[in-house]
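One file, data.cif, carrying mmCIF, C-alpha atoms:
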```
data_run
loop_
_atom_site.label_atom_id
_atom_site.label_comp_id
_atom_site.auth_asym_id
_atom_site.auth_seq_id
_atom_site.Cartn_x
_atom_site.Cartn_y
_atom_site.Cartn_z
CA MET A 41 75.59 -6.44 27.69
CA LYS A 42 74.74 -2.93 26.53
CA LYS A 43 74.69 -4.18 22.94
CA ILE A 44 72.24 -6.92 23.90
CA LEU A 45 69.94 -4.45 25.64
CA LEU A 46 70.15 -2.14 22.63
CA VAL A 47 69.11 -4.95 20.31
CA PHE A 48 66.13 -5.80 22.53
CA ALA A 49 65.10 -2.17 22.65
CA LEU A 50 65.34 -1.94 18.86
CA PHE A 51 63.17 -5.04 18.39
CA GLY A 52 60.68 -3.69 20.92
CA THR A 53 60.42 -0.40 19.04
CA LEU A 54 59.90 -2.17 15.74
CA ALA A 55 57.23 -4.42 17.27
CA CYS A 56 55.39 -1.42 18.67
CA ASN A 57 55.57 0.35 15.34
CA ASN A 58 54.27 -2.71 13.52
CA SER A 59 51.46 -3.08 16.07
CA ALA A 60 50.53 0.57 15.68
CA GLU A 61 50.56 0.21 11.90
CA GLU A 62 48.36 -2.88 12.16
CA ASN A 63 45.93 -1.07 14.43
CA SER A 64 45.91 1.89 12.08
CA ALA A 65 45.23 -0.40 9.17
CA GLY A 66 42.45 -2.01 11.15
CA VAL A 67 40.79 1.34 11.78
CA GLU A 68 41.14 2.25 8.13
CA THR A 69 39.60 -1.06 7.14
CA SER A 70 36.68 -0.50 9.50
CA GLU A 71 36.13 2.99 8.11
CA ALA A 72 36.39 1.65 4.59
CA VAL A 73 33.77 -0.98 5.35
CA SER A 74 31.48 1.71 6.77
CA GLU A 75 32.00 3.93 3.71
CA LYS A 76 31.41 0.97 1.43
CA ARG A 77 28.16 0.18 3.25
CA ASP A 78 26.99 3.78 2.94
CA SER A 79 27.69 3.67 -0.79
CA LEU A 80 25.49 0.59 -1.28
CA PRO A 81 22.00 1.15 -2.73
CA ASN A 82 19.34 1.96 -0.16
CA TYR A 83 16.07 0.05 -0.11
CA GLY A 84 13.09 -0.59 2.12
CA ILE A 85 9.40 -1.42 2.32
CA VAL A 86 6.43 -0.22 4.34
CA ILE A 87 2.93 -1.75 4.47
CA HIS A 88 -0.49 -1.08 5.99
CA GLY A 89 -3.55 -3.16 6.75
CA GLY A 90 -6.08 -0.40 7.31
CA ALA A 91 -6.69 2.56 9.62
CA GLY A 92 -9.63 3.36 11.86
CA THR A 93 -11.07 3.05 15.34
CA ILE A 94 -8.57 0.44 16.47
CA LEU A 95 -8.37 0.40 20.24
CA LYS A 96 -6.33 -1.84 22.54
CA GLU A 97 -9.34 -2.43 24.80
CA ASN A 98 -11.35 -3.82 21.87
CA MET A 99 -8.65 -6.26 20.79
CA SER A 100 -8.08 -9.70 22.33
CA ASP A 101 -4.47 -10.73 22.90
CA SER A 102 -4.80 -13.66 20.52
CA LEU A 103 -6.24 -11.54 17.71
CA GLU A 104 -3.56 -8.90 18.16
CA LYS A 105 -0.91 -11.63 17.85
CA GLU A 106 -2.55 -12.78 14.61
CA TYR A 107 -2.42 -9.30 13.14
CA ARG A 108 1.18 -8.71 14.17
CA ALA A 109 2.23 -12.09 12.81
CA LYS A 110 0.54 -11.51 9.45
CA LEU A 111 1.97 -7.99 9.13
CA GLU A 112 5.43 -9.35 9.89
CA GLU A 113 5.02 -12.18 7.38
CA ALA A 114 3.96 -9.74 4.67
CA VAL A 115 6.65 -7.11 5.24
CA ARG A 116 9.41 -9.73 5.53
CA ALA A 117 8.30 -11.35 2.28
CA GLY A 118 8.45 -8.03 0.46
CA HIS A 119 11.78 -7.17 2.05
CA ALA A 120 13.25 -10.51 0.96
CA VAL A 121 12.42 -9.64 -2.65
CA LEU A 122 14.27 -6.34 -2.34
CA GLU A 123 17.21 -7.91 -0.54
CA ARG A 124 17.88 -10.30 -3.39
CA GLY A 125 17.70 -7.48 -5.94
CA GLY A 126 14.07 -7.76 -6.98
CA THR A 127 12.04 -4.78 -8.15
CA SER A 128 9.82 -2.61 -5.99
CA ILE A 129 6.80 -3.81 -8.01
CA GLU A 130 7.65 -7.43 -7.22
CA ALA A 131 8.13 -6.59 -3.55
CA ILE A 132 4.80 -4.86 -3.05
CA GLU A 133 2.99 -7.61 -4.97
CA GLU A 134 4.51 -10.24 -2.69
CA ALA A 135 3.53 -8.36 0.46
CA ILE A 136 0.01 -7.48 -0.68
CA ASN A 137 -0.71 -11.04 -1.86
CA ILE A 138 -0.11 -12.31 1.67
CA MET A 139 -2.58 -9.80 3.10
CA GLU A 140 -5.12 -10.42 0.32
CA ASN A 141 -5.04 -14.12 1.15
CA SER A 142 -5.75 -13.50 4.83
CA PRO A 143 -9.29 -13.02 6.23
CA LEU A 144 -7.84 -10.51 8.70
CA PHE A 145 -8.00 -7.64 6.22
CA ASN A 146 -10.61 -6.00 4.01
CA ALA A 147 -8.99 -7.14 0.78
CA GLY A 148 -9.21 -10.37 -1.19
CA LYS A 149 -10.31 -13.18 1.12
CA GLY A 150 -11.45 -10.83 3.89
CA ALA A 151 -13.40 -8.41 1.68
CA VAL A 152 -16.54 -6.82 3.11
CA PHE A 153 -20.00 -7.30 1.61
CA THR A 154 -21.99 -4.90 -0.53
CA ASN A 155 -25.67 -4.15 0.03
CA ALA A 156 -26.41 -6.83 -2.59
CA GLU A 157 -24.46 -9.34 -0.45
CA THR A 158 -21.61 -9.63 -2.94
CA ASN A 159 -17.90 -8.86 -2.66
CA GLU A 160 -16.55 -6.23 -5.07
CA LEU A 161 -12.79 -5.76 -5.10
CA ASP A 162 -10.62 -2.83 -6.16
CA ALA A 163 -6.85 -2.54 -6.53
CA ALA A 164 -4.18 -0.28 -8.02
CA VAL A 165 -0.45 -0.13 -8.60
CA MET A 166 1.95 2.57 -9.81
CA ASP A 167 5.55 2.46 -11.02
CA GLY A 168 7.56 5.46 -9.83
CA LYS A 169 10.14 5.16 -12.60
CA THR A 170 7.79 5.29 -15.59
CA LEU A 171 4.65 6.74 -13.94
CA ASN A 172 2.84 3.82 -15.51
CA ALA A 173 -0.14 2.59 -13.52
CA GLY A 174 -2.83 -0.08 -13.47
CA ALA A 175 -6.13 -0.32 -11.63
CA VAL A 176 -9.21 -2.51 -11.41
CA ALA A 177 -12.59 -1.92 -9.78
CA GLY A 178 -15.64 -4.00 -8.96
CA VAL A 179 -14.14 -7.41 -9.71
CA THR A 180 -15.76 -10.43 -8.08
CA THR A 181 -13.87 -13.52 -9.24
CA VAL A 182 -10.16 -12.58 -9.20
CA LYS A 183 -8.39 -14.10 -6.20
CA ASN A 184 -5.64 -11.47 -6.05
CA PRO A 185 -6.77 -8.13 -7.48
CA ILE A 186 -3.30 -6.57 -7.09
CA ASP A 187 -1.97 -9.12 -9.60
CA LEU A 188 -4.63 -8.02 -12.08
CA ALA A 189 -3.81 -4.34 -11.54
CA ILE A 190 -0.17 -5.11 -12.35
CA ALA A 191 -1.24 -6.98 -15.49
CA VAL A 192 -3.34 -4.00 -16.57
CA MET A 193 -0.29 -1.78 -16.11
CA ASN A 194 2.17 -4.07 -17.88
CA ASN A 195 0.08 -5.84 -20.51
CA SER A 196 -2.46 -3.31 -21.73
CA GLU A 197 -2.59 0.25 -23.01
CA HIS A 198 -5.14 1.12 -20.33
CA VAL A 199 -4.90 2.31 -16.74
CA MET A 200 -8.24 1.19 -15.29
CA MET A 201 -10.59 -1.70 -16.01
CA ILE A 202 -13.83 -2.50 -14.21
CA GLY A 203 -16.30 -5.31 -13.59
CA LYS A 204 -16.87 -8.04 -16.15
CA GLY A 205 -14.45 -6.55 -18.65
CA ALA A 206 -11.65 -6.62 -16.08
CA GLU A 207 -12.52 -10.22 -15.25
CA THR A 208 -12.39 -11.21 -18.93
CA PHE A 209 -8.97 -9.60 -19.17
CA ALA A 210 -7.93 -11.50 -16.03
CA GLU A 211 -8.88 -14.81 -17.62
CA GLU A 212 -6.96 -13.94 -20.78
CA GLN A 213 -3.92 -13.09 -18.64
CA GLY A 214 -4.08 -16.41 -16.82
CA MET A 215 -4.98 -14.90 -13.45
CA GLU A 216 -6.29 -17.25 -10.76
CA ILE A 217 -10.09 -17.13 -10.99
CA VAL A 218 -12.24 -18.25 -8.06
CA ASP A 219 -15.93 -18.71 -7.37
CA PRO A 220 -17.34 -15.63 -5.61
CA GLU A 221 -18.04 -17.91 -2.63
CA TYR A 222 -14.30 -17.90 -1.98
CA PHE A 223 -14.63 -14.41 -0.51
CA TYR A 224 -17.39 -15.35 1.92
CA THR A 225 -16.54 -15.05 5.60
CA GLU A 226 -19.21 -15.51 8.24
CA ASN A 227 -18.10 -12.61 10.39
CA ARG A 228 -18.14 -10.19 7.47
CA PHE A 229 -21.56 -11.38 6.37
CA ARG A 230 -22.93 -11.08 9.87
CA GLY A 231 -21.56 -7.57 10.10
CA LEU A 232 -23.40 -6.63 6.89
CA GLN A 233 -26.69 -7.94 8.22
CA ARG A 234 -26.39 -5.87 11.37
CA ILE A 235 -25.64 -2.75 9.34
CA LYS A 236 -28.44 -3.43 6.86
CA ASP A 237 -30.86 -3.78 9.75
CA SER A 238 -30.02 -0.24 10.76
CA GLU A 239 -30.35 0.98 7.14
CA LYS A 240 -27.07 2.84 7.35
CA THR A 241 -24.02 2.79 5.10
CA GLN A 242 -20.91 3.16 7.16
CA LEU A 243 -17.20 3.13 6.39
CA ASP A 244 -15.51 -0.14 7.24
CA HIS A 245 -13.56 1.44 10.09
CA ASP A 246 -16.06 4.08 11.18
CA GLN A 247 -16.69 4.23 14.91
CA LYS A 248 -20.48 4.08 14.49
CA THR A 249 -20.16 0.86 12.51
CA ALA A 250 -17.86 -0.54 15.15
CA PHE A 251 -20.59 -0.37 17.77
CA LEU A 252 -23.13 -2.10 15.52
CA ASP A 253 -21.31 -5.39 15.44
CA PRO A 254 -18.98 -6.87 18.09
CA PHE A 255 -16.74 -8.57 15.53
CA ILE A 256 -16.22 -5.35 13.59
CA LYS A 257 -15.62 -3.53 16.85
CA ASP A 258 -13.02 -6.02 18.01
CA SER A 259 -11.31 -6.93 14.76
CA LYS A 260 -11.04 -3.83 12.60
CA TYR A 261 -10.49 -5.17 9.12
CA GLY A 262 -8.95 -2.83 6.58
CA THR A 263 -7.68 -1.99 3.16
CA VAL A 264 -4.13 -3.20 2.52
CA GLY A 265 -1.24 -1.50 0.78
CA ALA A 266 2.52 -1.40 0.31
CA ALA A 267 5.19 1.02 -0.87
CA ALA A 268 8.79 0.12 -1.64
CA LEU A 269 12.16 1.43 -2.80
CA ASP A 270 14.37 -1.14 -4.52
CA LYS A 271 18.15 -1.35 -4.96
CA HIS A 272 17.82 0.14 -8.44
CA GLY A 273 16.43 3.35 -6.93
CA ASN A 274 12.88 2.77 -8.18
CA LEU A 275 9.72 3.35 -6.17
CA ALA A 276 6.35 1.60 -6.41
CA ALA A 277 3.07 1.65 -4.52
CA GLY A 278 0.09 -0.68 -4.51
CA THR A 279 -3.25 -0.90 -2.70
CA SER A 280 -6.04 -3.49 -2.55
CA THR A 281 -9.48 -3.35 -0.90
CA GLY A 282 -12.97 -4.75 -0.57
CA GLY A 283 -14.32 -1.23 -0.19
CA MET A 284 -17.13 -0.14 2.11
CA THR A 285 -19.52 -2.42 3.96
CA ASN A 286 -23.08 -2.15 2.59
CA LYS A 287 -21.95 -0.05 -0.40
CA ARG A 288 -24.51 0.36 -3.22
CA TRP A 289 -24.87 1.36 -6.84
CA GLY A 290 -21.41 0.19 -7.88
CA ARG A 291 -19.68 2.56 -5.49
CA VAL A 292 -15.91 2.78 -6.04
CA GLY A 293 -13.56 4.34 -3.50
CA ASP A 294 -10.14 5.94 -3.71
CA VAL A 295 -7.98 2.84 -4.09
CA PRO A 296 -8.17 2.44 -7.90
CA VAL A 297 -8.16 6.20 -8.49
CA ILE A 298 -4.52 6.95 -9.28
CA GLY A 299 -3.38 9.92 -7.22
CA ALA A 300 -6.09 9.47 -4.60
CA GLY A 301 -5.30 6.22 -2.78
CA THR A 302 -2.22 5.17 -4.72
CA TYR A 303 0.70 7.12 -6.23
CA ALA A 304 4.42 6.71 -6.93
CA ASN A 305 7.04 8.98 -8.49
CA ASN A 306 10.80 8.48 -8.36
CA LYS A 307 11.22 12.24 -7.92
CA THR A 308 9.44 12.09 -4.58
CA ALA A 309 7.80 9.08 -2.95
CA ALA A 310 5.52 6.05 -3.19
CA ILE A 311 2.26 6.35 -1.23
CA SER A 312 -0.64 4.02 -0.36
CA GLY A 313 -3.69 5.24 1.54
CA THR A 314 -6.43 3.79 3.71
CA GLY A 315 -9.53 5.41 5.13
CA TRP A 316 -12.68 7.16 3.98
CA GLY A 317 -12.25 6.91 0.21
CA GLU A 318 -14.57 9.73 -0.82
CA PHE A 319 -12.39 12.25 1.00
CA PHE A 320 -9.16 10.77 -0.35
CA ILE A 321 -10.58 11.24 -3.86
CA ARG A 322 -11.64 14.83 -3.23
CA GLY A 323 -8.29 15.70 -1.71
CA VAL A 324 -6.23 13.67 -4.22
CA VAL A 325 -4.36 12.65 -1.08
CA ALA A 326 -1.54 10.48 -2.42
CA TYR A 327 -0.61 12.88 -5.21
CA ASP A 328 -0.93 15.89 -2.92
CA ILE A 329 1.80 14.48 -0.68
CA SER A 330 4.06 14.00 -3.69
CA ALA A 331 3.28 17.49 -5.02
CA LEU A 332 4.11 19.14 -1.71
CA MET A 333 7.47 17.42 -1.79
CA GLU A 334 8.22 18.27 -5.42
CA TYR A 335 6.95 21.85 -5.59
CA LYS A 336 7.30 23.12 -2.04
CA GLY A 337 10.35 21.14 -1.01
CA LEU A 338 8.70 19.54 2.02
CA SER A 339 10.13 16.35 3.45
CA LEU A 340 8.03 13.19 3.21
CA GLN A 341 7.06 13.42 6.87
CA GLU A 342 6.17 17.11 6.62
CA ALA A 343 4.03 16.52 3.53
CA ALA A 344 2.28 13.53 5.08
CA GLU A 345 1.42 15.48 8.23
CA GLU A 346 0.15 18.46 6.22
CA VAL A 347 -2.19 16.30 4.15
CA ILE A 348 -3.37 13.76 6.72
CA GLN A 349 -3.49 15.84 9.88
CA LYS A 350 -4.71 19.08 8.31
CA LYS A 351 -6.17 18.93 4.80
CA ASN A 352 -7.92 15.58 5.10
CA MET A 353 -9.42 16.40 8.47
CA GLU A 354 -10.58 19.84 7.35
CA LEU A 355 -12.55 18.13 4.58
CA GLY A 356 -14.17 15.87 7.14
CA GLY A 357 -12.35 12.67 6.25
CA ASN A 358 -10.19 10.29 8.22
CA GLY A 359 -7.62 7.62 7.54
CA GLY A 360 -3.90 7.33 6.98
CA ILE A 361 -1.07 6.64 4.58
CA ILE A 362 2.17 4.72 4.43
CA ALA A 363 4.95 6.02 2.18
CA ILE A 364 8.64 5.75 1.36
CA ASP A 365 10.69 8.40 -0.44
CA ASN A 366 13.54 8.07 -2.92
CA LYS A 367 16.11 8.16 -0.10
CA GLY A 368 14.46 5.42 1.91
CA ASN A 369 12.75 7.64 4.50
CA VAL A 370 9.40 6.26 5.66
CA ALA A 371 6.17 7.89 6.85
CA MET A 372 3.27 6.10 8.54
CA GLU A 373 0.80 8.90 9.24
CA PHE A 374 -2.83 8.56 10.36
CA ASN A 375 -5.49 10.68 12.04
CA THR A 376 -7.48 7.77 13.47
CA SER A 377 -6.90 5.90 16.73
CA GLY A 378 -4.88 3.22 14.98
CA MET A 379 -3.46 1.83 11.74
CA TYR A 380 -2.07 -1.63 11.08
CA ARG A 381 1.44 -0.99 9.78
CA ALA A 382 4.95 -2.39 9.45
CA LYS A 383 8.25 -1.42 7.85
CA MET A 384 11.72 -2.82 7.20
CA ASN A 385 14.84 -0.96 6.05
CA ARG A 386 18.10 -1.95 4.36
CA GLU A 387 19.57 -3.08 7.68
CA GLY A 388 16.64 -5.44 8.20
CA GLU A 389 15.28 -3.49 11.16
CA LEU A 390 11.61 -4.35 11.67
CA GLU A 391 8.91 -2.13 13.15
CA ILE A 392 5.27 -3.16 13.60
CA GLY A 393 2.47 -0.98 14.95
CA ILE A 394 -1.28 -1.14 15.48
CA TYR A 395 -2.31 1.56 17.91
CA GLY A 396 -1.63 5.27 17.98
CA GLU A 397 1.02 5.35 20.69
CA GLU A 398 3.59 2.86 19.37
#
```
Could I get this file's structure written as structure tokens?
Amino acid sequence: MKKILLVFALFGTLACNNSAEENSAGVETSEAVSEKRDSLPNYGIVIHGGAGTILKENMSDSLEKEYRAKLEEAVRAGHAVLERGGTSIEAIEEAINIMENSPLFNAGKGAVFTNAETNELDAAVMDGKTLNAGAVAGVTTVKNPIDLAIAVMNNSEHVMMIGKGAETFAEEQGMEIVDPEYFYTENRFRGLQRIKDSEKTQLDHDQKTAFLDPFIKDSKYGTVGAAALDKHGNLAAGTSTGGMTNKRWGRVGDVPVIGAGTYANNKTAAISGTGWGEFFIRGVVAYDISALMEYKGLSLQEAAEEVIQKKNMELGGNGGIIAIDNKGNVAMEFNTSGMYRAKMNREGELEIGIYGEE
């Protein structure tokens, strides 16, 4: 009987030991999976649809849903490109195309009108790996200006092309060309007429403009942009805009000025800006954020706050930026009451914001 009990005890001990070993192996496997995940390439994307006097009380529930849905569609499309191993350039192009094709934003289809009642479009892109860049300004027949900016970067020895010359290049590159009427939207045109009646040139998102026209006040169109980090560790930024309502004399803002509204460098970050372009040009806003990171060792968030909340405001400008650094950290900084924005990281976590306190 004692022998039988001894045998049972022995088997019990062995079973416990095996169970403990299995549990230990399970923990090790879990830790290994976690370590393996941490060793995978980081990636992410962040986008904006303009910054300005964007207030909850001036936004209908239905319009807010439209904005959130379009921002989500754009950021998810860009993220999907990164997830399958696509480049940061491809990702930002995908996201910006969706916003350019929507009348909700001051870019592409939703572009504002000039004083001459035309739509003049600007766009820029920059590759953080090579520091190559492409930009276009004052184009009137190219459906997706960001595509043309990428073509300038990849298929020419130039950085910036303007007007008719840029449109000729677009045709040679097989870009989709549209009649200028494609960019006509009744609400935008009506907004121009109200502003022209007052003989004032106002920034698209300026508060004074907002009170001139109910649609502008309630809708808040804006420049669009995207910045991304791909699985290969490369950064890219792109921006597209219709510029300033009632602009004259071939005015060009910060968007196509590399370093002002658009900049990317693998050493630091990819940045796209939105706001009062003249002040972004004077402050070389996008590059300044990168320079503060590279030369002063500031984090992306610290650099963004320094430039947007201090330097830009001291000059008298307003607006915001979205950016992602070479480690995947994201900044969405603005000194206005709101900025249309969204981001997604490697884990697929989505964040969408419109107003200041979100």
**Request:** Starting from the shown file, work through the PyMOL selection byres ((chain A and resi 189) around 9) and note down what comes out as an MDAnalysis selection string.
**Result:** chainID A and resid 162:165 173:176 185:188 190:194 199:201 278 296
Closest-contact table, range 144-237 of chain A side, partner range 263-269 of chain A, 7 Å, counting all atoms listed in the file, as a Markdown table:
```
| residue | atom | partner | partner_atom | distance |
| --- | --- | --- | --- | --- |
| A:Phe145 | CA | A:Thr263 | CA | 6.4 |
| A:Asn146 | CA | A:Thr263 | CA | 5.0 |
| A:Ala147 | CA | A:Thr263 | CA | 5.8 |
```
**Prompt:** Which one of A:Gln233, A:Val370, A:Thr308, A:Gly317 sits closest to Leu338 in chain A if you count only C-alpha atoms?
**Reply:**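 Result for the nearest residue to Leu338 in chain A: A:Thr308.
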**Request:** Give the answer as one residue: which of A:Gly92, A:Ser100, A:Leu275, A:Ala210 has the shortest atom-to-atom distance to Asn375 in chain A, using only C-alpha atoms?
**Result:**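 Of A:Gly92, A:Ser100, A:Leu275, A:Ala210, the one nearest Asn375 in chain A is A:Gly92, counting only C-alpha atoms.
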**Message:** List the spatial neighbours of range 348-359 of chain A as a VMD selection string - criterion: any atom at most 10 Å away, all atoms listed in the file, same-chain residues fewer than 4 positions off excluded.
**Reply:** chain A and resid 90 to 93 245 to 246 313 to 320 322 to 326 328 to 329 343 to 344 373 to 379
Might you spell out which residues the PyMOL selection byres ((chain A and resi 123-134) around 9) would select in the displayed file, as an mmCIF file with C-alpha atoms, in the coordinates of the input?
```cif
data_model
loop_
_atom_site.group_PDB
_atom_site.id
_atom_site.type_symbol
_atom_site.label_atom_id
_atom_site.label_comp_id
_atom_site.auth_asym_id
_atom_site.auth_seq_id
_atom_site.Cartn_x
_atom_site.Cartn_y
_atom_site.Cartn_z
ATOM 1 C CA TYR A 83 16.070 0.050 -0.110
ATOM 2 C CA GLY A 84 13.090 -0.590 2.120
ATOM 3 C CA ILE A 85 9.400 -1.420 2.320
ATOM 4 C CA VAL A 86 6.430 -0.220 4.340
ATOM 5 C CA ILE A 87 2.930 -1.750 4.470
ATOM 6 C CA ALA A 114 3.960 -9.740 4.670
ATOM 7 C CA VAL A 115 6.650 -7.110 5.240
ATOM 8 C CA ALA A 117 8.300 -11.350 2.280
ATOM 9 C CA GLY A 118 8.450 -8.030 0.460
ATOM 10 C CA HIS A 119 11.780 -7.170 2.050
ATOM 11 C CA ALA A 120 13.250 -10.510 0.960
ATOM 12 C CA VAL A 121 12.420 -9.640 -2.650
ATOM 13 C CA LEU A 122 14.270 -6.340 -2.340
ATOM 14 C CA ALA A 135 3.530 -8.360 0.460
ATOM 15 C CA ILE A 136 0.010 -7.480 -0.680
ATOM 16 C CA ASN A 137 -0.710 -11.040 -1.860
ATOM 17 C CA ILE A 138 -0.110 -12.310 1.670
ATOM 18 C CA VAL A 165 -0.450 -0.130 -8.600
ATOM 19 C CA MET A 166 1.950 2.570 -9.810
ATOM 20 C CA ASP A 167 5.550 2.460 -11.020
ATOM 21 C CA ILE A 186 -3.300 -6.570 -7.090
ATOM 22 C CA ASP A 187 -1.970 -9.120 -9.600
ATOM 23 C CA ILE A 190 -0.170 -5.110 -12.350
ATOM 24 C CA GLY A 265 -1.240 -1.500 0.780
ATOM 25 C CA ALA A 266 2.520 -1.400 0.310
ATOM 26 C CA ALA A 267 5.190 1.020 -0.870
ATOM 27 C CA ALA A 268 8.790 0.120 -1.640
ATOM 28 C CA LEU A 269 12.160 1.430 -2.800
ATOM 29 C CA ASP A 270 14.370 -1.140 -4.520
ATOM 30 C CA LYS A 271 18.150 -1.350 -4.960
ATOM 31 C CA HIS A 272 17.820 0.140 -8.440
ATOM 32 C CA GLY A 273 16.430 3.350 -6.930
ATOM 33 C CA ASN A 274 12.880 2.770 -8.180
ATOM 34 C CA LEU A 275 9.720 3.350 -6.170
ATOM 35 C CA ALA A 276 6.350 1.600 -6.410
ATOM 36 C CA ALA A 277 3.070 1.650 -4.520
ATOM 37 C CA GLY A 278 0.090 -0.680 -4.510
ATOM 38 C CA THR A 279 -3.250 -0.900 -2.700
ATOM 39 C CA ARG A 386 18.100 -1.950 4.360
#
```
**Message:** Between CA of Glu112 in chain A and CA of Gln341 in chain A, what distance in Å does the model show, to one decimal?
**Reply:**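 Here the two named atoms are 23.0 Å from each other.
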